[in-house]
$ cat query-v9.csv   # CSV, C-alpha atoms
chain,number,residue,atom,x,y,z
D,1109,ALA,CA,-1.8,87.1,15.8
D,1110,GLN,CA,1.5,85.2,15.3
D,1111,ARG,CA,0.2,82.5,17.6
D,1112,GLU,CA,-3.1,82.3,15.8
D,1113,ARG,CA,-1.4,81.8,12.5
D,1114,GLN,CA,0.7,79.0,13.9
D,1115,GLU,CA,-2.3,77.3,15.3
D,1116,ARG,CA,-4.1,77.5,11.9
D,1117,ALA,CA,-1.0,76.1,10.2
D,1118,GLN,CA,-0.8,73.2,12.6
D,1119,ALA,CA,-4.5,72.5,12.1
D,1120,ALA,CA,-4.0,72.5,8.3
D,1121,ALA,CA,-1.1,70.2,8.7
D,1122,GLN,CA,-3.0,67.8,10.9
D,1123,ARG,CA,-5.9,67.8,8.4
D,1124,ALA,CA,-3.5,67.0,5.5
D,1125,ARG,CA,-1.9,64.2,7.5
D,1126,ARG,CA,-5.3,62.8,8.3
D,1127,ARG,CA,-6.3,62.9,4.6
D,1128,ARG,CA,-3.0,61.1,3.7
D,1129,GLN,CA,-3.6,58.5,6.4
D,1130,ALA,CA,-7.2,58.0,5.2
D,1131,ALA,CA,-5.9,57.6,1.6
D,1132,VAL,CA,-3.3,55.0,2.8
D,1133,ALA,CA,-6.0,53.1,4.8
D,1134,GLU,CA,-8.3,53.1,1.8
D,1135,ALA,CA,-5.5,51.8,-0.5
D,1136,VAL,CA,-4.6,49.1,2.0
D,1137,SER,CA,-8.3,48.1,2.3
D,1138,ALA,CA,-8.7,47.9,-1.4
D,1139,GLY,CA,-5.6,45.9,-1.8
D,1140,ALA,CA,-6.7,43.5,1.0
D,1141,LYS,CA,-10.1,43.1,-0.8
D,1142,ARG,CA,-8.3,42.3,-4.1
D,1143,VAL,CA,-6.0,39.8,-2.4
D,1144,LEU,CA,-8.9,38.2,-0.5
D,1145,GLY,CA,-10.8,38.0,-3.7
D,1146,ALA,CA,-7.9,36.3,-5.5
D,1147,LEU,CA,-7.4,34.0,-2.6
D,1148,ALA,CA,-11.1,33.0,-2.5
D,1149,ALA,CA,-11.0,32.4,-6.3
D,1150,SER,CA,-7.9,30.2,-6.0
D,1151,ILE,CA,-9.5,28.3,-3.1
D,1152,GLN,CA,-12.7,27.9,-5.0
D,1153,LEU,CA,-10.9,26.6,-8.1
D,1154,ALA,CA,-8.8,24.2,-6.0
D,1155,SER,CA,-12.0,23.0,-4.3
D,1156,ARG,CA,-13.7,22.3,-7.6
D,1157,GLU,CA,-10.6,20.5,-8.9
D,1158,ARG,CA,-10.5,18.5,-5.7
D,1159,ASP,CA,-14.2,17.7,-5.9
D,1160,ASP,CA,-13.8,16.6,-9.5
D,1161,ALA,CA,-10.9,14.4,-8.6
D,1162,ASP,CA,-12.9,12.9,-5.7
D,1163,LEU,CA,-15.9,12.2,-8.0
D,1164,ALA,CA,-13.6,10.6,-10.5
D,1165,ARG,CA,-12.0,8.4,-7.8
D,1166,VAL,CA,-15.4,7.5,-6.4
D,1167,ALA,CA,-16.6,6.6,-9.9
D,1168,ILE,CA,-13.6,4.4,-10.5
D,1169,ASP,CA,-13.9,2.8,-7.1
D,1170,ALA,CA,-17.6,2.1,-7.7
D,1171,GLU,CA,-16.9,0.7,-11.2
D,1172,LEU,CA,-14.2,-1.5,-9.8
D,1173,LYS,CA,-16.5,-2.7,-7.0
D,1174,GLN,CA,-19.2,-3.6,-9.5
D,1175,VAL,CA,-16.7,-5.5,-11.6
D,1176,ARG,CA,-15.5,-7.5,-8.7
D,1177,VAL,CA,-19.1,-8.2,-7.6
D,1178,HIS,CA,-19.9,-9.3,-11.1
D,1179,VAL,CA,-16.8,-11.5,-11.2
D,1180,ARG,CA,-17.8,-13.1,-7.9
D,1181,GLU,CA,-21.4,-13.7,-9.2
D,1182,LEU,CA,-20.1,-15.2,-12.4
D,1183,GLY,CA,-17.7,-17.4,-10.4
D,1184,GLN,CA,-20.7,-18.7,-8.3
D,1185,GLU,CA,-22.7,-19.3,-11.5
D,1186,LEU,CA,-19.8,-21.1,-13.0
D,1187,ASP,CA,-19.5,-23.3,-10.0
D,1188,LYS,CA,-23.2,-24.2,-10.3
D,1189,LEU,CA,-22.9,-25.0,-14.0
D,1190,VAL,CA,-19.8,-27.1,-13.4
D,1191,ASN,CA,-21.7,-29.1,-10.8
D,1192,ARG,CA,-24.6,-29.5,-13.2
D,1193,VAL,CA,-22.4,-30.6,-16.0
D,1194,HIS,CA,-20.6,-33.0,-13.6
D,1195,GLY,CA,-24.0,-34.5,-12.6
D,1196,SER,CA,-25.0,-34.9,-16.2
D,1197,GLU,CA,-21.7,-36.6,-17.0
D,1198,VAL,CA,-22.2,-39.0,-14.1
D,1199,ALA,CA,-25.7,-39.9,-15.2
D,1200,ARG,CA,-24.5,-40.4,-18.8
D,1201,THR,CA,-21.6,-42.6,-17.6
D,1202,GLU,CA,-24.0,-44.7,-15.5
D,1203,GLN,CA,-26.3,-45.2,-18.5
D,1204,ARG,CA,-23.3,-46.1,-20.7
D,1205,LEU,CA,-22.0,-48.6,-18.1
D,1206,ARG,CA,-25.5,-50.1,-17.9
D,1207,LEU,CA,-25.6,-50.6,-21.6
D,1208,GLU,CA,-22.1,-52.1,-21.6
D,1209,GLN,CA,-23.1,-54.5,-18.8
D,1210,LEU,CA,-26.2,-55.7,-20.8
D,1211,GLU,CA,-24.1,-56.1,-23.9
D,1212,GLN,CA,-21.5,-58.1,-22.0
D,1213,ARG,CA,-24.1,-60.2,-20.3
D,1214,ALA,CA,-25.8,-61.0,-23.6
D,1215,LEU,CA,-22.5,-62.0,-25.1
D,1216,GLU,CA,-21.3,-64.2,-22.1
D,1217,GLU,CA,-24.6,-65.9,-21.2
D,1218,PHE,CA,-26.2,-66.3,-24.6
D,1219,GLY,CA,-23.3,-65.9,-27.0
D,1220,VAL,CA,-25.2,-63.3,-29.0
D,1221,GLU,CA,-23.6,-60.1,-30.4
D,1222,VAL,CA,-25.3,-56.8,-29.8
D,1223,GLU,CA,-25.6,-56.2,-33.6
D,1224,SER,CA,-27.4,-59.5,-34.0
D,1225,LEU,CA,-29.9,-58.7,-31.2
D,1226,VAL,CA,-30.6,-55.2,-32.7
D,1227,SER,CA,-31.0,-56.6,-36.2
D,1228,GLU,CA,-33.2,-59.5,-35.0
D,1229,TYR,CA,-35.2,-57.9,-32.2
D,1230,GLY,CA,-34.7,-54.2,-32.8
D,1231,PRO,CA,-37.6,-51.8,-33.3
D,1232,ASP,CA,-37.2,-52.0,-37.1
D,1233,ALA,CA,-37.2,-55.8,-37.4
D,1234,PRO,CA,-40.6,-57.3,-38.5
D,1235,VAL,CA,-42.3,-59.7,-36.2
D,1236,PRO,CA,-42.1,-63.1,-37.9
D,1237,GLY,CA,-45.0,-65.3,-38.0
D,1238,ASP,CA,-44.8,-68.7,-36.2
D,1239,PRO,CA,-45.2,-71.7,-38.4
D,1240,PRO,CA,-48.1,-73.9,-37.3
D,1241,VAL,CA,-46.8,-76.7,-35.1
D,1242,PRO,CA,-48.7,-79.4,-33.3
D,1243,TYR,CA,-49.6,-78.3,-29.7
D,1244,VAL,CA,-47.8,-80.4,-27.1
D,1245,ARG,CA,-48.5,-79.1,-23.6
D,1246,GLU,CA,-45.3,-80.4,-22.0
D,1247,GLU,CA,-43.1,-78.9,-24.8
D,1248,GLN,CA,-44.9,-75.5,-24.6
D,1249,GLU,CA,-44.6,-75.4,-20.8
D,1250,LYS,CA,-40.9,-76.2,-21.2
D,1251,ARG,CA,-40.4,-73.4,-23.7
D,1252,ALA,CA,-42.3,-71.0,-21.5
D,1253,ARG,CA,-40.1,-71.8,-18.5
D,1254,ALA,CA,-37.0,-71.3,-20.7
D,1255,ALA,CA,-38.3,-68.0,-22.0
D,1256,GLU,CA,-39.1,-66.9,-18.4
D,1257,ARG,CA,-35.5,-67.8,-17.3
D,1258,GLN,CA,-34.1,-65.9,-20.2
D,1259,MET,CA,-36.2,-62.9,-19.4
D,1260,ASN,CA,-35.2,-63.0,-15.7
D,1261,GLN,CA,-31.6,-63.2,-16.8
D,1262,LEU,CA,-31.9,-60.1,-18.9
D,1263,GLY,CA,-33.1,-58.1,-15.8
D,1264,LYS,CA,-35.0,-54.9,-15.9
D,1265,VAL,CA,-34.5,-52.8,-19.0
D,1266,ASN,CA,-35.4,-49.1,-19.2
D,1267,PRO,CA,-37.2,-48.6,-22.5
D,1268,LEU,CA,-36.6,-44.8,-22.3
D,1269,ALA,CA,-32.8,-45.1,-21.9
D,1270,LEU,CA,-32.0,-43.9,-25.5
D,1271,GLU,CA,-34.4,-41.0,-25.3
D,1272,GLU,CA,-33.0,-40.0,-21.9
D,1273,PHE,CA,-29.4,-40.3,-23.2
D,1274,ALA,CA,-30.3,-38.0,-26.2
D,1275,ALA,CA,-31.9,-35.5,-23.8
D,1276,LEU,CA,-28.9,-35.6,-21.5
D,1277,GLU,CA,-26.5,-35.2,-24.4
D,1278,GLU,CA,-28.3,-32.2,-25.7
D,1279,ARG,CA,-28.3,-30.7,-22.2
D,1280,HIS,CA,-24.6,-31.4,-21.8
D,1281,ALA,CA,-23.9,-29.6,-25.1
D,1282,PHE,CA,-26.0,-26.6,-24.0
D,1283,LEU,CA,-24.2,-26.4,-20.6
D,1284,THR,CA,-20.8,-26.8,-22.3
D,1285,SER,CA,-21.5,-23.7,-24.5
D,1286,GLN,CA,-22.8,-21.7,-21.5
D,1287,LEU,CA,-19.6,-22.7,-19.6
D,1288,GLU,CA,-17.4,-21.5,-22.5
D,1289,ASP,CA,-19.3,-18.2,-22.6
D,1290,LEU,CA,-18.8,-17.8,-18.8
D,1291,LYS,CA,-15.1,-18.6,-19.1
D,1292,LYS,CA,-14.7,-16.0,-21.8
D,1293,THR,CA,-16.6,-13.4,-19.8
D,1294,ARG,CA,-14.5,-14.2,-16.7
D,1295,ARG,CA,-11.3,-13.8,-18.8
D,1296,ASP,CA,-12.4,-10.4,-20.1
D,1297,LEU,CA,-13.3,-9.2,-16.6
D,1298,MET,CA,-10.0,-10.5,-15.2
D,1299,THR,CA,-8.2,-8.6,-18.0
D,1300,VAL,CA,-10.1,-5.4,-17.0
D,1301,VAL,CA,-9.3,-5.9,-13.3
D,1302,LYS,CA,-5.6,-6.6,-14.1
D,1303,GLU,CA,-5.4,-3.4,-16.2
D,1304,VAL,CA,-6.8,-1.3,-13.4
D,1305,ASP,CA,-4.5,-2.9,-10.8
D,1306,ASP,CA,-1.5,-2.4,-13.1
D,1307,ARG,CA,-2.4,1.2,-13.6
D,1308,VAL,CA,-2.8,1.8,-9.8
D,1309,GLU,CA,0.4,-0.1,-9.1
D,1310,GLN,CA,2.3,2.0,-11.8
D,1311,MET,CA,1.0,5.3,-10.4
D,1312,PHE,CA,1.8,4.3,-6.8
D,1313,SER,CA,5.3,3.1,-7.6
D,1314,SER,CA,6.1,6.2,-9.6
D,1315,ALA,CA,4.8,8.5,-6.8
D,1316,TYR,CA,6.6,6.4,-4.1
D,1317,GLU,CA,9.9,6.5,-5.9
D,1318,ASP,CA,9.7,10.3,-6.4
D,1319,VAL,CA,8.6,11.0,-2.7
D,1320,ALA,CA,11.3,8.6,-1.3
D,1321,ARG,CA,14.0,10.3,-3.3
D,1322,GLU,CA,12.9,13.8,-2.2
D,1323,PHE,CA,12.5,12.7,1.4
D,1324,GLU,CA,16.1,11.4,1.6
D,1325,GLN,CA,17.4,14.8,0.2
D,1326,ILE,CA,15.2,17.0,2.4
D,1327,PHE,CA,15.9,14.9,5.5
D,1328,THR,CA,19.6,15.5,5.2
D,1329,ARG,CA,19.0,19.2,4.9
D,1330,VAL,CA,16.8,19.5,8.0
D,1331,PHE,CA,19.0,17.1,9.9
D,1332,PRO,CA,22.6,17.6,8.7
D,1333,GLY,CA,24.6,14.5,9.4
D,1334,GLY,CA,21.5,12.3,9.8
D,1335,ASP,CA,19.7,10.1,7.3
D,1336,GLY,CA,16.1,9.1,6.7
D,1337,ARG,CA,14.2,7.0,4.2
D,1338,LEU,CA,10.9,5.5,3.3
D,1339,VAL,CA,10.4,1.7,3.5
D,1340,LEU,CA,7.6,-0.4,2.0
D,1341,THR,CA,6.1,-2.9,4.4
D,1342,GLU,CA,5.2,-5.3,1.6
D,1343,PRO,CA,7.5,-4.6,-1.4
D,1344,THR,CA,6.1,-7.6,-3.3
D,1345,ASP,CA,2.5,-6.4,-3.2
D,1346,MET,CA,2.3,-2.7,-4.2
D,1347,LEU,CA,-1.5,-2.7,-4.0
D,1348,THR,CA,-1.7,-3.5,-0.3
D,1349,THR,CA,1.7,-2.3,1.0
D,1350,GLY,CA,2.1,0.3,3.7
D,1351,ILE,CA,4.9,2.9,4.1
D,1352,GLU,CA,7.1,3.2,7.1
D,1353,VAL,CA,9.3,6.3,7.9
D,1354,GLU,CA,12.8,5.6,9.2
D,1355,ALA,CA,14.6,8.6,10.6
D,1356,ARG,CA,18.0,8.8,12.3
D,1357,PRO,CA,18.9,12.3,13.4
D,1358,PRO,CA,22.6,13.1,13.8
D,1359,GLY,CA,24.2,11.5,16.9
D,1360,LYS,CA,21.4,9.0,17.4
D,1361,LYS,CA,21.1,5.4,16.5
D,1362,VAL,CA,17.3,5.0,16.8
D,1363,LYS,CA,15.2,5.0,13.6
D,1364,ARG,CA,11.7,4.6,15.1
D,1365,LEU,CA,9.7,7.8,15.2
D,1366,SER,CA,8.2,7.0,18.6
D,1367,LEU,CA,11.7,7.2,20.2
D,1368,LEU,CA,12.4,10.7,18.8
D,1369,SER,CA,11.7,13.9,20.6
D,1370,GLY,CA,8.6,16.0,19.8
D,1371,GLY,CA,10.5,18.5,17.8
D,1372,GLU,CA,12.3,15.8,15.8
D,1373,ARG,CA,9.0,14.0,15.1
D,1374,SER,CA,7.5,17.3,14.0
D,1375,LEU,CA,10.4,18.2,11.7
D,1376,THR,CA,10.4,14.6,10.2
D,1377,ALA,CA,6.7,14.9,9.5
D,1378,VAL,CA,7.2,18.3,7.8
D,1379,ALA,CA,10.1,16.9,5.8
D,1380,PHE,CA,7.8,14.1,4.6
D,1381,LEU,CA,5.1,16.6,3.8
D,1382,ILE,CA,7.5,18.8,1.8
D,1383,SER,CA,8.8,15.7,0.0
D,1384,ILE,CA,5.2,15.1,-1.3
D,1385,PHE,CA,5.0,18.7,-2.3
D,1386,LYS,CA,8.1,18.5,-4.3
D,1387,ALA,CA,7.3,15.1,-5.9
D,1388,ARG,CA,3.8,16.2,-6.9
D,1389,PRO,CA,3.7,20.0,-7.0
D,1390,SER,CA,0.4,21.9,-6.4
D,1391,PRO,CA,-0.6,25.5,-7.1
D,1392,PHE,CA,-0.7,26.4,-3.4
D,1393,TYR,CA,-0.3,24.8,0.0
D,1394,VAL,CA,-2.0,25.5,3.3
D,1395,MET,CA,-0.1,24.8,6.6
D,1396,ASP,CA,-1.1,25.3,10.1
D,1397,GLU,CA,1.6,26.1,12.7
D,1398,VAL,CA,4.0,23.4,11.3
D,1399,GLU,CA,7.0,25.1,13.1
D,1400,ALA,CA,5.3,25.4,16.5
D,1401,ALA,CA,7.4,22.7,18.1
D,1402,LEU,CA,10.7,23.7,16.4
D,1403,ASP,CA,13.6,25.6,17.9
D,1404,ASP,CA,15.2,28.6,16.1
D,1405,THR,CA,17.8,26.5,14.2
D,1406,ASN,CA,15.3,24.0,12.9
D,1407,THR,CA,12.9,26.8,12.1
D,1408,GLN,CA,15.5,28.5,9.9
D,1409,ARG,CA,16.0,25.3,8.0
D,1410,LEU,CA,12.3,24.9,7.5
D,1411,LEU,CA,12.0,28.5,6.3
D,1412,THR,CA,14.8,27.8,3.7
D,1413,LEU,CA,12.6,25.1,2.3
D,1414,PHE,CA,9.6,27.4,2.3
D,1415,GLU,CA,11.6,29.9,0.3
D,1416,GLU,CA,12.2,27.2,-2.3
D,1417,LEU,CA,8.5,26.1,-2.4
D,1418,ARG,CA,7.2,29.6,-3.0
D,1419,GLN,CA,9.2,30.0,-6.1
D,1420,SER,CA,6.7,27.8,-7.9
D,1421,SER,CA,3.7,27.7,-5.6
D,1422,GLN,CA,1.7,29.9,-3.2
D,1423,LEU,CA,2.1,29.2,0.5
D,1424,ILE,CA,-0.6,30.0,3.1
D,1425,VAL,CA,0.9,29.5,6.5
D,1426,ILE,CA,-0.9,30.0,9.8
D,1427,THR,CA,1.7,30.9,12.4
D,1428,HIS,CA,2.6,32.8,15.6
D,1429,ASN,CA,6.4,32.6,14.8
D,1430,LYS,CA,7.9,36.0,14.1
D,1431,ARG,CA,10.7,34.6,11.9
D,1432,THR,CA,8.1,33.0,9.7
D,1433,MET,CA,6.2,36.3,9.5
D,1434,GLU,CA,9.4,38.0,8.4
D,1435,ILE,CA,9.7,36.1,5.2
D,1436,ALA,CA,6.1,36.5,4.2
D,1437,ASP,CA,4.9,38.6,1.3
D,1438,ALA,CA,1.7,39.5,3.1
D,1439,LEU,CA,0.4,39.3,6.6
D,1440,TYR,CA,-3.2,38.9,7.7
D,1441,GLY,CA,-3.8,39.3,11.4
D,1442,VAL,CA,-7.1,38.4,13.2
D,1443,SER,CA,-7.8,40.0,16.6
D,1444,MET,CA,-10.8,40.7,18.7
D,1445,ARG,CA,-11.7,44.2,19.9
D,1446,GLY,CA,-13.0,45.0,23.3
D,1447,ASP,CA,-16.6,45.0,22.1
D,1448,GLY,CA,-16.2,41.4,20.9
D,1449,VAL,CA,-16.0,42.2,17.2
D,1450,THR,CA,-13.4,40.3,15.1
D,1451,GLN,CA,-11.0,42.6,13.2
D,1452,VAL,CA,-8.8,41.6,10.3
D,1453,VAL,CA,-5.6,43.6,9.7
D,1454,SER,CA,-3.5,43.1,6.5
D,1455,GLN,CA,-0.1,44.3,5.5
D,1456,ARG,CA,2.1,43.6,2.4
D,1457,LEU,CA,5.6,43.3,3.6
D,1458,ARG,CA,7.4,42.9,0.2
D,1459,GLU,CA,6.0,46.1,-1.2
D,1460,ARG,CA,7.0,48.0,2.0
D,1461,GLU,CA,10.5,46.7,1.9
D,1462,SER,CA,10.9,47.6,-1.8
D,1463,ALA,CA,9.6,51.1,-1.0
$ encode --input "query-v9.csv" --output "structure tokens"
Amino acid sequence: AQRERQERAQAAAQRARRRRQAAVAEAVSAGAKRVLGALAASIQLASRERDDADLARVAIDAELKQVRVHVRELGQELDKLVNRVHGSEVARTEQRLRLEQLEQRALEEFGVEVESLVSEYGPDAPVPGDPPVPYVREEQEKRARAAERQMNQLGKVNPLALEEFAALEERHAFLTSQLEDLKKTRRDLMTVVKEVDDRVEQMFSSAYEDVAREFEQIFTRVFPGGDGRLVLTEPTDMLTTGIEVEARPPGKKVKRLSLLSGGERSLTAVAFLISIFKARPSPFYVMDEVEAALDDTNTQRLLTLFEELRQSSQLIVITHNKRTMEIADALYGVSMRGDGVTQVVSQRLRERESA
């Protein structure tokens, strides 16, 4: 009977322990669902913000491209108009030179002023009647030959020269007004392009200065005794310049990344990445095995930076490093069971340590 009572007590204790374990498992599952829900909401919000930013950037790029295409088209049209105006000016100059030559010829060969010719033989002058004279054949033939010589000396005269000159002058005035409109439009477009370029240059310069300052500070922390900096490839042209990373770990004279070891290159890249995080903070960051190539000492330096980042942002780190897992607030493990089904296991470390 005593043994039977002991067995019943043990069975009751096992059932109570199982109920407690089931309650704990249910609480952990509910907490994991809440965390996953919050994480999914944060990711969805960040994705929407990123999509909005991408759409805004695409819209600005498309507008800038259209402006540049329009400027190029206007430039081509301006060249055409300039060529037309130049041709009109050449034609008008030729007509004026022709008239001046005729005026000079009349003055030199016949001693007659242009005003006299216009007043005497112009379109408004009446045709005088010839007084009756006796007809003498020899004198009339002589007058005819003299008139023929004079007519030959005058050369060919274009009777439509004045009308053509008026038409060309009107065309020149029209093209001049069109040219002024195009110049004004081009100035306006160039002003818009300059404003956009100035804004881009201002934002890039500000971001570059902040990132460069943070990189120098962070590099000296991950490489005590070393120095690193960011260098612009084209400092005079901020719109097309590139950025080079110079890194000199302690005890080395090289600055090119290609000459550093794999761990040094990885740590330099992480330092540059964290510099961007600090210069332009974000609500959360996702990193995938950034410490995989680091030794224990460099891993500890990187974890110190992680501790600073998570004071103001959420860190989501994919890792197999135990030291990284130790500083986490929550762990999510993914494994595959023997039947091929993926299983997710979660554990909040900070709450457990507080308990």
$ residues_around --input "query-v9.csv" --residues "Leu1207 (chain D)" --least-positions-apart "5" --cutoff "10 Å" --atoms "only C-alpha atoms" --output "list in words"
Thr1201, Glu1202, Gln1212, Arg1213, Val1265 and Ala1269 of chain D
$ residues_around --input "query-v9.csv" --residues "Thr1412 (chain D)" --least-positions-apart "3" --cutoff "12 Å" --atoms "all atoms listed in the file" --output "ChimeraX atom specification"
/D:1326,1329-1330,1382,1405-1409,1415-1419,1431-1432,1435
$ residues_around --input "query-v9.csv" --residues "Leu1423 (chain D)" --least-positions-apart "4" --cutoff "7 Å" --atoms "all atoms listed in the file" --output "list in words"
Phe1392, Tyr1393, Val1394 and Arg1418 of chain D
$ atom_distance --input "query-v9.csv" --atom1 "CA of Ala1355 (chain D)" --atom2 "CA of Gly1371 (chain D)"
12.9 Å
$ closest_residue --input "query-v9.csv" --among "D:His1428, D:Arg1373, D:Arg1156, D:Arg1192" --to "Glu1397 (chain D)" --atoms "only C-alpha atoms"
D:His1428
